[in-house]
>>> print(open('run.cif').read())   # mmCIF, C-alpha atoms and all ligand atoms
data_entry
#
loop_
_atom_site.group_PDB
_atom_site.id
_atom_site.type_symbol
_atom_site.label_atom_id
_atom_site.label_comp_id
_atom_site.auth_asym_id
_atom_site.auth_seq_id
_atom_site.Cartn_x
_atom_site.Cartn_y
_atom_site.Cartn_z
ATOM 1 C CA MET F 566 -27.604 -12.435 -0.558
ATOM 2 C CA LYS F 567 -30.466 -14.079 -2.460
ATOM 3 C CA TYR F 568 -33.836 -14.941 -0.921
ATOM 4 C CA ALA F 569 -36.037 -18.025 -1.020
ATOM 5 C CA GLN F 570 -39.264 -19.217 0.543
ATOM 6 C CA PHE F 571 -39.794 -22.929 0.961
ATOM 7 C CA VAL F 572 -43.582 -23.377 0.762
ATOM 8 C CA MET F 573 -44.734 -26.561 2.508
ATOM 9 C CA GLY F 574 -47.898 -28.109 3.917
ATOM 10 C CA PRO F 575 -50.253 -31.064 3.518
ATOM 11 C CA ALA F 576 -51.665 -32.056 0.124
ATOM 12 C CA GLY F 577 -54.288 -29.683 -1.231
ATOM 13 C CA CYS F 578 -53.819 -27.047 1.492
ATOM 14 C CA GLY F 579 -53.235 -24.247 -1.008
ATOM 15 C CA LYS F 580 -49.438 -24.149 -1.468
ATOM 16 C CA SER F 581 -49.541 -23.529 -5.216
ATOM 17 C CA THR F 582 -52.229 -20.883 -4.775
ATOM 18 C CA TYR F 583 -50.063 -19.165 -2.141
ATOM 19 C CA CYS F 584 -47.084 -19.221 -4.560
ATOM 20 C CA ALA F 585 -49.236 -17.688 -7.301
ATOM 21 C CA ILE F 586 -50.424 -14.915 -4.945
ATOM 22 C CA ILE F 587 -46.887 -14.116 -3.855
ATOM 23 C CA GLN F 588 -45.644 -14.021 -7.446
ATOM 24 C CA GLU F 589 -48.477 -11.654 -8.445
ATOM 25 C CA HIS F 590 -47.781 -9.476 -5.410
ATOM 26 C CA PHE F 591 -44.133 -9.155 -6.360
ATOM 27 C CA LYS F 592 -45.105 -8.195 -9.893
ATOM 28 C CA VAL F 593 -47.868 -5.684 -9.114
ATOM 29 C CA ALA F 594 -46.989 -4.176 -5.741
ATOM 30 C CA LEU F 595 -43.235 -4.633 -5.458
ATOM 31 C CA ARG F 596 -42.501 -4.379 -9.178
ATOM 32 C CA ARG F 597 -40.048 -7.204 -8.878
ATOM 33 C CA THR F 598 -39.577 -10.630 -10.340
ATOM 34 C CA CYS F 599 -40.289 -13.634 -8.177
ATOM 35 C CA ARG F 600 -39.187 -16.925 -9.685
ATOM 36 C CA VAL F 601 -41.349 -19.844 -8.620
ATOM 37 C CA VAL F 602 -39.789 -23.307 -8.804
ATOM 38 C CA ASN F 603 -42.019 -26.377 -8.698
ATOM 39 C CA LEU F 604 -40.386 -29.101 -6.609
ATOM 40 C CA ASP F 605 -43.412 -31.414 -6.642
ATOM 41 C CA PRO F 606 -42.911 -34.226 -9.176
ATOM 42 C CA ALA F 607 -46.605 -35.135 -8.780
ATOM 43 C CA ALA F 608 -47.948 -31.630 -9.491
ATOM 44 C CA GLU F 609 -50.649 -31.393 -12.123
ATOM 45 C CA ASN F 610 -51.269 -27.728 -12.725
ATOM 46 C CA PHE F 611 -50.646 -24.419 -11.036
ATOM 47 C CA ALA F 612 -51.628 -20.820 -11.514
ATOM 48 C CA TYR F 613 -48.139 -19.298 -11.392
ATOM 49 C CA ASP F 614 -45.586 -18.702 -14.055
ATOM 50 C CA CYS F 615 -43.195 -21.594 -13.411
ATOM 51 C CA TYR F 616 -39.509 -20.715 -13.684
ATOM 52 C CA ALA F 617 -38.202 -24.281 -13.256
ATOM 53 C CA ASP F 618 -40.106 -27.531 -12.920
ATOM 54 C CA VAL F 619 -38.758 -30.703 -11.296
ATOM 55 C CA ARG F 620 -40.985 -32.670 -13.668
ATOM 56 C CA ASP F 621 -38.496 -31.781 -16.408
ATOM 57 C CA LEU F 622 -36.089 -33.986 -14.463
ATOM 58 C CA ILE F 623 -38.524 -36.648 -13.287
ATOM 59 C CA SER F 624 -42.278 -36.941 -12.759
ATOM 60 C CA VAL F 625 -44.258 -39.320 -10.579
ATOM 61 C CA ASP F 626 -46.347 -40.312 -13.621
ATOM 62 C CA ASP F 627 -43.201 -41.486 -15.413
ATOM 63 C CA VAL F 628 -42.024 -43.442 -12.351
ATOM 64 C CA MET F 629 -45.425 -45.110 -11.954
ATOM 65 C CA GLU F 630 -45.575 -46.027 -15.613
ATOM 66 C CA GLU F 631 -42.004 -47.222 -16.049
ATOM 67 C CA LEU F 632 -41.374 -48.873 -12.685
ATOM 68 C CA ASP F 633 -44.918 -49.853 -11.818
ATOM 69 C CA TYR F 634 -44.806 -47.966 -8.507
ATOM 70 C CA GLY F 635 -47.848 -46.574 -6.679
ATOM 71 C CA PRO F 636 -48.206 -42.805 -6.155
ATOM 72 C CA ASN F 637 -46.487 -42.695 -2.738
ATOM 73 C CA GLY F 638 -43.602 -44.976 -3.703
ATOM 74 C CA GLY F 639 -43.338 -43.033 -6.957
ATOM 75 C CA LEU F 640 -43.048 -39.724 -5.100
ATOM 76 C CA VAL F 641 -40.337 -41.043 -2.789
ATOM 77 C CA TYR F 642 -38.435 -42.527 -5.756
ATOM 78 C CA ALA F 643 -38.688 -39.240 -7.676
ATOM 79 C CA MET F 644 -37.454 -37.182 -4.715
ATOM 80 C CA GLU F 645 -34.549 -39.578 -4.135
ATOM 81 C CA TYR F 646 -33.743 -39.179 -7.822
ATOM 82 C CA LEU F 647 -33.673 -35.409 -7.307
ATOM 83 C CA SER F 648 -31.346 -35.927 -4.347
ATOM 84 C CA GLU F 649 -28.974 -37.934 -6.568
ATOM 85 C CA ASN F 650 -29.216 -35.312 -9.309
ATOM 86 C CA MET F 651 -29.016 -32.139 -7.245
ATOM 87 C CA SER F 652 -26.850 -30.647 -10.002
ATOM 88 C CA TRP F 653 -30.080 -30.270 -12.032
ATOM 89 C CA LEU F 654 -31.482 -27.906 -9.411
ATOM 90 C CA GLU F 655 -28.156 -26.132 -9.031
ATOM 91 C CA GLU F 656 -28.236 -25.418 -12.767
ATOM 92 C CA GLN F 657 -31.731 -23.923 -12.474
ATOM 93 C CA ILE F 658 -30.600 -21.371 -9.901
ATOM 94 C CA CYS F 659 -27.013 -20.812 -11.012
ATOM 95 C CA ASP F 660 -27.828 -17.490 -12.680
ATOM 96 C CA ALA F 661 -29.440 -16.053 -9.505
ATOM 97 C CA LEU F 662 -28.031 -12.634 -8.673
ATOM 98 C CA ASP F 663 -27.753 -10.734 -5.436
ATOM 99 C CA ASP F 664 -31.242 -9.809 -4.106
ATOM 100 C CA ASP F 665 -33.090 -12.187 -6.449
ATOM 101 C CA TYR F 666 -36.189 -13.794 -4.947
ATOM 102 C CA TYR F 667 -37.258 -17.427 -5.368
ATOM 103 C CA VAL F 668 -40.251 -19.359 -4.081
ATOM 104 C CA PHE F 669 -40.128 -23.173 -3.980
ATOM 105 C CA ASP F 670 -43.468 -24.973 -4.235
ATOM 106 C CA CYS F 671 -42.759 -28.184 -2.299
ATOM 107 C CA PRO F 672 -44.538 -31.555 -2.210
ATOM 108 C CA GLY F 673 -46.881 -32.187 0.721
ATOM 109 C CA GLN F 674 -45.866 -35.679 1.884
ATOM 110 C CA ILE F 675 -44.871 -35.542 5.546
ATOM 111 C CA GLU F 676 -42.150 -38.212 5.064
ATOM 112 C CA LEU F 677 -40.102 -35.598 3.221
ATOM 113 C CA TYR F 678 -39.957 -33.505 6.388
ATOM 114 C CA SER F 679 -39.819 -36.261 8.996
ATOM 115 C CA HIS F 680 -37.126 -38.758 8.032
ATOM 116 C CA LEU F 681 -36.170 -38.429 4.348
ATOM 117 C CA SER F 682 -33.214 -36.152 3.718
ATOM 118 C CA VAL F 683 -33.870 -34.677 0.288
ATOM 119 C CA MET F 684 -35.637 -31.466 1.376
ATOM 120 C CA ARG F 685 -32.890 -30.768 3.880
ATOM 121 C CA GLU F 686 -30.349 -31.326 1.107
ATOM 122 C CA VAL F 687 -32.149 -28.784 -1.093
ATOM 123 C CA VAL F 688 -32.105 -26.236 1.751
ATOM 124 C CA ASP F 689 -28.410 -26.905 2.431
ATOM 125 C CA MET F 690 -27.596 -26.485 -1.249
ATOM 126 C CA LEU F 691 -29.475 -23.150 -1.394
ATOM 127 C CA GLN F 692 -27.761 -21.885 1.735
ATOM 128 C CA ASN F 693 -24.386 -22.850 0.279
ATOM 129 C CA GLU F 694 -25.336 -20.792 -2.787
ATOM 130 C CA ASP F 695 -25.839 -17.738 -0.541
ATOM 131 C CA PHE F 696 -29.628 -17.965 -0.311
ATOM 132 C CA ARG F 697 -31.385 -16.822 2.846
ATOM 133 C CA VAL F 698 -34.176 -19.402 3.086
ATOM 134 C CA ALA F 699 -37.392 -19.180 5.145
ATOM 135 C CA GLY F 700 -39.961 -21.937 5.668
ATOM 136 C CA VAL F 701 -43.632 -21.092 5.018
ATOM 137 C CA TYR F 702 -45.922 -23.827 6.295
ATOM 138 C CA CYS F 703 -49.550 -23.795 5.055
ATOM 139 C CA ILE F 704 -52.457 -25.551 6.670
ATOM 140 C CA ASP F 705 -56.039 -24.907 5.639
ATOM 141 C CA VAL F 706 -59.063 -24.041 7.741
ATOM 142 C CA ASN F 707 -60.104 -27.703 7.945
ATOM 143 C CA PHE F 708 -57.371 -27.958 10.561
ATOM 144 C CA ILE F 709 -59.104 -25.522 12.881
ATOM 145 C CA GLU F 710 -62.478 -27.260 12.947
ATOM 146 C CA ASP F 711 -61.483 -28.432 16.404
ATOM 147 C CA SER F 712 -58.469 -28.165 18.656
ATOM 148 C CA ALA F 713 -57.364 -31.769 18.140
ATOM 149 C CA LYS F 714 -57.068 -31.206 14.385
ATOM 150 C CA PHE F 715 -55.244 -27.961 15.032
ATOM 151 C CA LEU F 716 -52.782 -29.748 17.298
ATOM 152 C CA SER F 717 -52.044 -32.287 14.577
ATOM 153 C CA GLY F 718 -51.568 -29.508 11.977
ATOM 154 C CA ALA F 719 -49.264 -27.565 14.295
ATOM 155 C CA LEU F 720 -47.227 -30.712 15.030
ATOM 156 C CA SER F 721 -46.757 -31.379 11.321
ATOM 157 C CA ALA F 722 -45.527 -27.781 10.978
ATOM 158 C CA LEU F 723 -43.160 -28.415 13.887
ATOM 159 C CA THR F 724 -41.835 -31.551 12.153
ATOM 160 C CA ALA F 725 -40.876 -29.493 9.121
ATOM 161 C CA MET F 726 -39.430 -26.723 11.273
ATOM 162 C CA VAL F 727 -37.119 -28.913 13.326
ATOM 163 C CA ASN F 728 -35.997 -30.959 10.356
ATOM 164 C CA LEU F 729 -35.150 -28.075 8.092
ATOM 165 C CA GLU F 730 -33.983 -25.727 10.876
ATOM 166 C CA LEU F 731 -35.300 -22.722 8.979
ATOM 167 C CA PRO F 732 -36.841 -19.490 10.213
ATOM 168 C CA HIS F 733 -40.477 -20.465 9.994
ATOM 169 C CA ILE F 734 -43.893 -18.890 9.444
ATOM 170 C CA ASN F 735 -47.267 -20.642 9.489
ATOM 171 C CA VAL F 736 -50.051 -19.639 7.138
ATOM 172 C CA LEU F 737 -53.703 -20.524 7.643
ATOM 173 C CA THR F 738 -55.168 -20.815 4.149
ATOM 174 C CA LYS F 739 -58.694 -20.802 2.673
ATOM 175 C CA CYS F 740 -60.011 -18.405 5.311
ATOM 176 C CA ASP F 741 -62.830 -17.425 2.940
ATOM 177 C CA LEU F 742 -64.308 -20.862 3.719
ATOM 178 C CA LEU F 743 -64.669 -20.117 7.430
ATOM 179 C CA PRO F 744 -68.293 -20.003 8.566
ATOM 180 C CA GLU F 745 -69.532 -16.595 9.657
ATOM 181 C CA GLY F 746 -68.522 -15.795 13.219
ATOM 182 C CA ALA F 747 -65.925 -18.584 13.369
ATOM 183 C CA ASP F 748 -63.491 -18.109 16.220
ATOM 184 C CA VAL F 749 -60.228 -17.948 14.323
ATOM 185 C CA GLU F 750 -58.451 -15.509 16.623
ATOM 186 C CA ARG F 751 -57.260 -18.029 19.162
ATOM 187 C CA TYR F 752 -55.397 -19.869 16.400
ATOM 188 C CA VAL F 753 -54.074 -16.775 14.699
ATOM 189 C CA GLU F 754 -53.080 -15.138 17.983
ATOM 190 C CA GLY F 755 -51.605 -18.318 19.402
ATOM 191 C CA ASP F 756 -53.848 -18.660 22.427
ATOM 192 C CA SER F 757 -52.640 -22.090 23.516
ATOM 193 C CA GLU F 758 -54.565 -21.825 26.816
ATOM 194 C CA ALA F 759 -57.894 -21.627 24.925
ATOM 195 C CA ILE F 760 -56.884 -24.546 22.723
ATOM 196 C CA LEU F 761 -55.871 -26.648 25.729
ATOM 197 C CA SER F 762 -59.073 -25.818 27.531
ATOM 198 C CA GLU F 763 -61.097 -27.108 24.558
ATOM 199 C CA LEU F 764 -58.977 -30.277 24.478
ATOM 200 C CA ARG F 765 -59.675 -30.736 28.170
ATOM 201 C CA THR F 766 -63.385 -31.060 27.462
ATOM 202 C CA SER F 767 -63.255 -32.819 24.096
ATOM 203 C CA MET F 768 -60.644 -35.514 24.839
ATOM 204 C CA HIS F 769 -60.433 -38.281 27.414
ATOM 205 C CA PRO F 770 -58.790 -37.079 30.681
ATOM 206 C CA ARG F 771 -55.969 -39.574 30.147
ATOM 207 C CA TYR F 772 -54.603 -37.220 27.416
ATOM 208 C CA ARG F 773 -54.607 -34.153 29.651
ATOM 209 C CA LYS F 774 -50.949 -34.174 30.690
ATOM 210 C CA LEU F 775 -49.826 -35.027 27.194
ATOM 211 C CA ASN F 776 -51.850 -32.171 25.703
ATOM 212 C CA VAL F 777 -50.442 -29.703 28.225
ATOM 213 C CA ALA F 778 -46.914 -30.873 27.409
ATOM 214 C CA LEU F 779 -47.570 -30.585 23.662
ATOM 215 C CA GLY F 780 -49.075 -27.120 24.156
ATOM 216 C CA GLN F 781 -45.887 -26.064 25.936
ATOM 217 C CA VAL F 782 -43.690 -27.468 23.180
ATOM 218 C CA LEU F 783 -45.643 -25.614 20.496
ATOM 219 C CA GLU F 784 -45.602 -22.411 22.493
ATOM 220 C CA GLU F 785 -41.883 -22.624 23.110
ATOM 221 C CA TYR F 786 -41.341 -23.006 19.378
ATOM 222 C CA SER F 787 -43.831 -20.107 18.845
ATOM 223 C CA LEU F 788 -45.709 -22.469 16.599
ATOM 224 C CA VAL F 789 -49.238 -21.829 17.689
ATOM 225 C CA SER F 790 -49.727 -18.599 15.777
ATOM 226 C CA PHE F 791 -50.707 -18.468 12.147
ATOM 227 C CA VAL F 792 -51.059 -15.754 9.543
ATOM 228 C CA ALA F 793 -54.557 -15.990 8.071
ATOM 229 C CA LEU F 794 -54.779 -16.039 4.269
ATOM 230 C CA ASN F 795 -57.865 -15.495 2.174
ATOM 231 C CA ARG F 796 -56.926 -15.686 -1.490
ATOM 232 C CA ASP F 797 -59.808 -13.337 -2.367
ATOM 233 C CA ASP F 798 -58.648 -10.636 0.010
ATOM 234 C CA GLU F 799 -56.340 -8.378 -1.956
ATOM 235 C CA ALA F 800 -55.181 -6.577 1.181
ATOM 236 C CA TRP F 801 -53.593 -9.733 2.536
ATOM 237 C CA ALA F 802 -50.449 -9.591 0.456
ATOM 238 C CA ASP F 803 -49.980 -5.909 1.335
ATOM 239 C CA GLU F 804 -50.268 -6.698 5.014
ATOM 240 C CA LEU F 805 -47.701 -9.392 4.489
ATOM 241 C CA THR F 806 -45.025 -6.971 3.364
ATOM 242 C CA SER F 807 -45.723 -4.520 6.145
ATOM 243 C CA SER F 808 -45.655 -7.119 8.901
ATOM 244 C CA VAL F 809 -42.504 -6.981 10.969
ATOM 245 C CA ALA F 810 -42.462 -10.757 11.423
ATOM 246 C CA TRP F 811 -42.748 -11.438 7.716
ATOM 247 C CA ASP F 812 -40.232 -8.809 6.806
ATOM 248 C CA GLY F 813 -37.743 -10.123 9.326
ATOM 249 C CA LEU F 814 -38.043 -13.707 8.192
ATOM 250 C CA LEU F 815 -38.615 -13.256 4.502
ATOM 251 C CA GLY F 816 -36.704 -10.087 3.704
ATOM 252 C CA LEU F 817 -39.693 -8.634 1.859
ATOM 253 C CA LYS F 818 -39.818 -5.026 3.024
ATOM 254 C CA ARG F 819 -36.149 -4.437 2.479
ATOM 255 C CA ARG F 820 -36.596 -5.749 -1.024
ATOM 256 C CA GLN F 821 -39.530 -3.408 -1.546
ATOM 257 C CA GLY F 822 -37.297 -0.503 -0.556
ATOM 258 C CA ALA F 823 -34.625 -1.738 -2.935
ATOM 259 C CA ALA F 824 -37.175 -2.022 -5.746
ATOM 260 C CA ARG F 825 -38.389 1.526 -5.169
ATOM 261 C CA THR F 826 -34.898 2.876 -5.085
ATOM 262 C CA SER F 827 -33.951 1.241 -8.357
ATOM 263 C CA SER F 828 -37.149 2.370 -10.109
ATOM 264 C CA GLU F 829 -36.648 5.915 -8.793
ATOM 265 C CA GLN F 830 -33.106 5.803 -10.113
ATOM 266 C CA ASN F 831 -34.483 4.730 -13.517
ATOM 267 C CA GLU F 832 -36.992 7.600 -13.477
ATOM 268 C CA ASN F 833 -34.286 10.089 -12.535
ATOM 269 C CA SER F 834 -31.975 8.922 -15.285
ATOM 270 C CA GLU F 835 -34.736 9.155 -17.955
HETATM 271 N N1 LIG F 901 -61.843 -21.428 -1.234
HETATM 272 C C1 LIG F 901 -60.522 -21.434 -1.371
HETATM 273 N N2 LIG F 901 -59.950 -22.409 -2.081
HETATM 274 C C2 LIG F 901 -58.615 -22.405 -2.208
HETATM 275 C C3 LIG F 901 -57.801 -21.404 -1.609
HETATM 276 N N3 LIG F 901 -56.510 -21.682 -1.902
HETATM 277 C C4 LIG F 901 -56.535 -22.794 -2.655
HETATM 278 N N4 LIG F 901 -57.795 -23.239 -2.851
HETATM 279 C C5 LIG F 901 -58.240 -24.415 -3.631
HETATM 280 O O1 LIG F 901 -57.750 -25.597 -2.996
HETATM 281 C C6 LIG F 901 -57.360 -26.539 -3.988
HETATM 282 C C7 LIG F 901 -55.898 -26.928 -3.756
HETATM 283 O O2 LIG F 901 -55.124 -25.744 -3.923
HETATM 284 P P1 LIG F 901 -53.600 -25.829 -4.361
HETATM 285 O O3 LIG F 901 -53.065 -24.443 -4.329
HETATM 286 O O4 LIG F 901 -53.440 -26.607 -5.618
HETATM 287 O O5 LIG F 901 -53.047 -26.681 -3.148
HETATM 288 P P2 LIG F 901 -51.631 -27.456 -3.022
HETATM 289 O O6 LIG F 901 -51.305 -27.484 -1.577
HETATM 290 O O7 LIG F 901 -50.633 -26.831 -3.929
HETATM 291 O O8 LIG F 901 -52.044 -28.877 -3.557
HETATM 292 P P3 LIG F 901 -51.074 -30.121 -3.850
HETATM 293 O O9 LIG F 901 -49.968 -29.585 -4.733
HETATM 294 O O10 LIG F 901 -51.964 -31.085 -4.560
HETATM 295 O O11 LIG F 901 -50.592 -30.629 -2.551
HETATM 296 C C8 LIG F 901 -57.601 -25.891 -5.344
HETATM 297 O O12 LIG F 901 -58.846 -26.330 -5.826
HETATM 298 C C9 LIG F 901 -57.628 -24.408 -5.016
HETATM 299 O O13 LIG F 901 -58.437 -23.672 -5.919
HETATM 300 C C10 LIG F 901 -58.435 -20.369 -0.843
HETATM 301 O O14 LIG F 901 -57.830 -19.439 -0.261
HETATM 302 N N5 LIG F 901 -59.803 -20.444 -0.763
#
>>> encode(input="run.cif", output="structure tokens")
Amino acid sequence: MKYAQFVMGPAGCGKSTYCAIIQEHFKVALRRTCRVVNLDPAAENFAYDCYADVRDLISVDDVMEELDYGPNGGLVYAMEYLSENMSWLEEQICDALDDDYYVFDCPGQIELYSHLSVMREVVDMLQNEDFRVAGVYCIDVNFIEDSAKFLSGALSALTAMVNLELPHINVLTKCDLLPEGADVERYVEGDSEAILSELRTSMHPRYRKLNVALGQVLEEYSLVSFVALNRDDEAWADELTSSVAWDGLLGLKRRQGAARTSSEQNENSE
């Protein structure tokens, strides 16, 4: 079994930063390699060591220049090109061994998770190659400025979850930007009642039934809760590996055990 995280979320929410943190955590704390694959043909730069880059196959800049497309049309064209050339991605992961760990830095456009099929095709391909894949959906703290924004962020996470049918974890990024005393707990703990009660006062009564129904949907999918990430908090990544939910979905703790065992074996044999 090989492992992969599919890191998704709206543009600029901190996906690449999350990938860089995870890669560093694997290196320093788990003493393991984590291969990060960039799947965003519009990416400009990232802080991680990139193992494979979709821009070697096609980039949005090339599509815009050669076909005179705009950035959104260019992104869709590039991702459809990837879909038609899935063998390129297969080649990038064909040397993956049992227990290897990959993280895929995905583009943010919601179309890719609502009605276009390419991301699902990538997941299917990985699963066929014996990867256990988990979805990690990032939204940043802008989405918790009020409950209506949070609802829209949670629904976009739900869109990705139902389309990819992956075990799914939400991450609330950029928590260092929260104002002092901000009430983040109700989002992190998944207190849908508190969120609905705020919506009751902030939105027109005509939306009340709809909001209650949406709250129920999110709760039933366990989508209200988020793991809070502050890139400057070094303890975060450690907490991640010791969390039962993360371990169960992402296979991290087991891998840590495996890493220790193999390094102990090395020490013993020296
Ligand atoms: N303050 C703060 N800024 C962050 C954090 N994470 C990311 N950023 C900043 O947010 C911006 C976007 O971060 P990225 O990691 O590139 O976000 P992304 O989702 O990969 O962006 P796209 O690939 O363009 O969709 C960058 O300027 C980051 O430095 C964080 O935890 N705190």
>>> residues_near_ligand(input="run.cif", ligand="ligand LIG 901 (chain F)", cutoff="7 Å", atoms="all atoms listed in the file", output="count of residues only")
23
>>> closest_residue(input="run.cif", among="F:Asp711, F:Asp627, F:Asp665, F:Asp621", to="Asp695 in chain F", atoms="only C-alpha atoms")
F:Asp665
>>> residues_near_point(input="run.cif", point="(-26.9, -28.5, -7.3)", cutoff="10 Å", atoms="all atoms listed in the file", output="compact mmCIF listing (two decimals) with C-alpha atoms, in the frame of the given file")
# COMPACT_ATOMS: atom_id res chain seq x y z
CA LEU F 647 -33.67 -35.41 -7.31
CA SER F 648 -31.35 -35.93 -4.35
CA GLU F 649 -28.97 -37.93 -6.57
CA ASN F 650 -29.22 -35.31 -9.31
CA MET F 651 -29.02 -32.14 -7.24
CA SER F 652 -26.85 -30.65 -10.00
CA TRP F 653 -30.08 -30.27 -12.03
CA LEU F 654 -31.48 -27.91 -9.41
CA GLU F 655 -28.16 -26.13 -9.03
CA GLU F 656 -28.24 -25.42 -12.77
CA GLN F 657 -31.73 -23.92 -12.47
CA ILE F 658 -30.60 -21.37 -9.90
CA CYS F 659 -27.01 -20.81 -11.01
CA GLU F 686 -30.35 -31.33 1.11
CA VAL F 687 -32.15 -28.78 -1.09
CA ASP F 689 -28.41 -26.90 2.43
CA MET F 690 -27.60 -26.48 -1.25
CA LEU F 691 -29.48 -23.15 -1.39
CA ASN F 693 -24.39 -22.85 0.28
CA GLU F 694 -25.34 -20.79 -2.79
>>> closest_residue(input="run.cif", among="F:Glu676, F:Glu784, F:Asp614, F:Asp664", to="Leu640 in chain F", atoms="all atoms listed in the file")
F:Glu676
>>> residues_around(input="run.cif", residues="Ala661 in chain F", least_positions_apart="6", cutoff="12 Å", atoms="all atoms listed in the file", output="ChimeraX atom specification")
/F:566-569,598-600,616,655,667,691,694-696
>>> closest_residue(input="run.cif", among="F:Val688, F:Val625, F:Cys584, F:Leu783", to="Leu723 in chain F", atoms="only C-alpha atoms")
F:Leu783
>>> axis_aligned_box(input="run.cif", around="range 684-689 of chain F", padding_each_side="4 Å", output="AutoDock Vina command-line options")
--center_x -32.0 --center_y -28.9 --center_z 1.4 --size_x 15.2 --size_y 13.2 --size_z 13.0
>>> resolve_selection(input="run.cif", expression="the PyMOL selection byres (((chain F and resi 573) around 9) and not hetatm)", output="list in words")
Phe571, Val572, Gly574, Pro575, Lys580, Phe669, Asp670, Cys671, Pro672, Gly673, Gly700, Val701, Tyr702, Cys703, Ile704, Ala722 and Ala725 of chain F
>>> atom_distance(input="run.cif", atom1="CA of Ala713 in chain F", atom2="CA of Asn776 in chain F")
9.4 Å
>>> atom_distance(input="run.cif", atom1="CA of Val698 in chain F", atom2="CA of Leu731 in chain F")
6.9 Å
>>> atom_distance(input="run.cif", atom1="CA of Tyr642 in chain F", atom2="CA of Ile675 in chain F")
14.8 Å
>>> closest_residue(input="run.cif", among="F:Cys615, F:Val706, F:Leu720, F:Val777", to="Ser762 in chain F", atoms="all atoms listed in the file")
F:Val777
>>> resolve_selection(input="run.cif", expression="the PyMOL selection byres (((chain F and resi 714) around 12) and not hetatm)", output="PyMOL selection string")
chain F and resi 704-713+715-721+752+760+763-764+767-768
>>> closest_residue(input="run.cif", among="F:Leu779, F:Leu681, F:Ala699, F:Val601", to="His733 in chain F", atoms="only C-alpha atoms")
F:Ala699
>>> resolve_selection(input="run.cif", expression="the PyMOL selection byres (((chain F and resi 636) around 12) and not hetatm)", output="list of chain:residue names")
F:Pro606, F:Ala607, F:Ala608, F:Ser624, F:Val625, F:Asp626, F:Asp627, F:Val628, F:Met629, F:Glu630, F:Leu632, F:Asp633, F:Tyr634, F:Gly635, F:Asn637, F:Gly638, F:Gly639, F:Leu640, F:Val641, F:Tyr642, F:Ala643, F:Gln674
>>> closest_residue(input="run.cif", among="F:Val753, F:Ala617, F:Ile734, F:Leu604", to="Leu677 in chain F", atoms="only C-alpha atoms")
F:Leu604
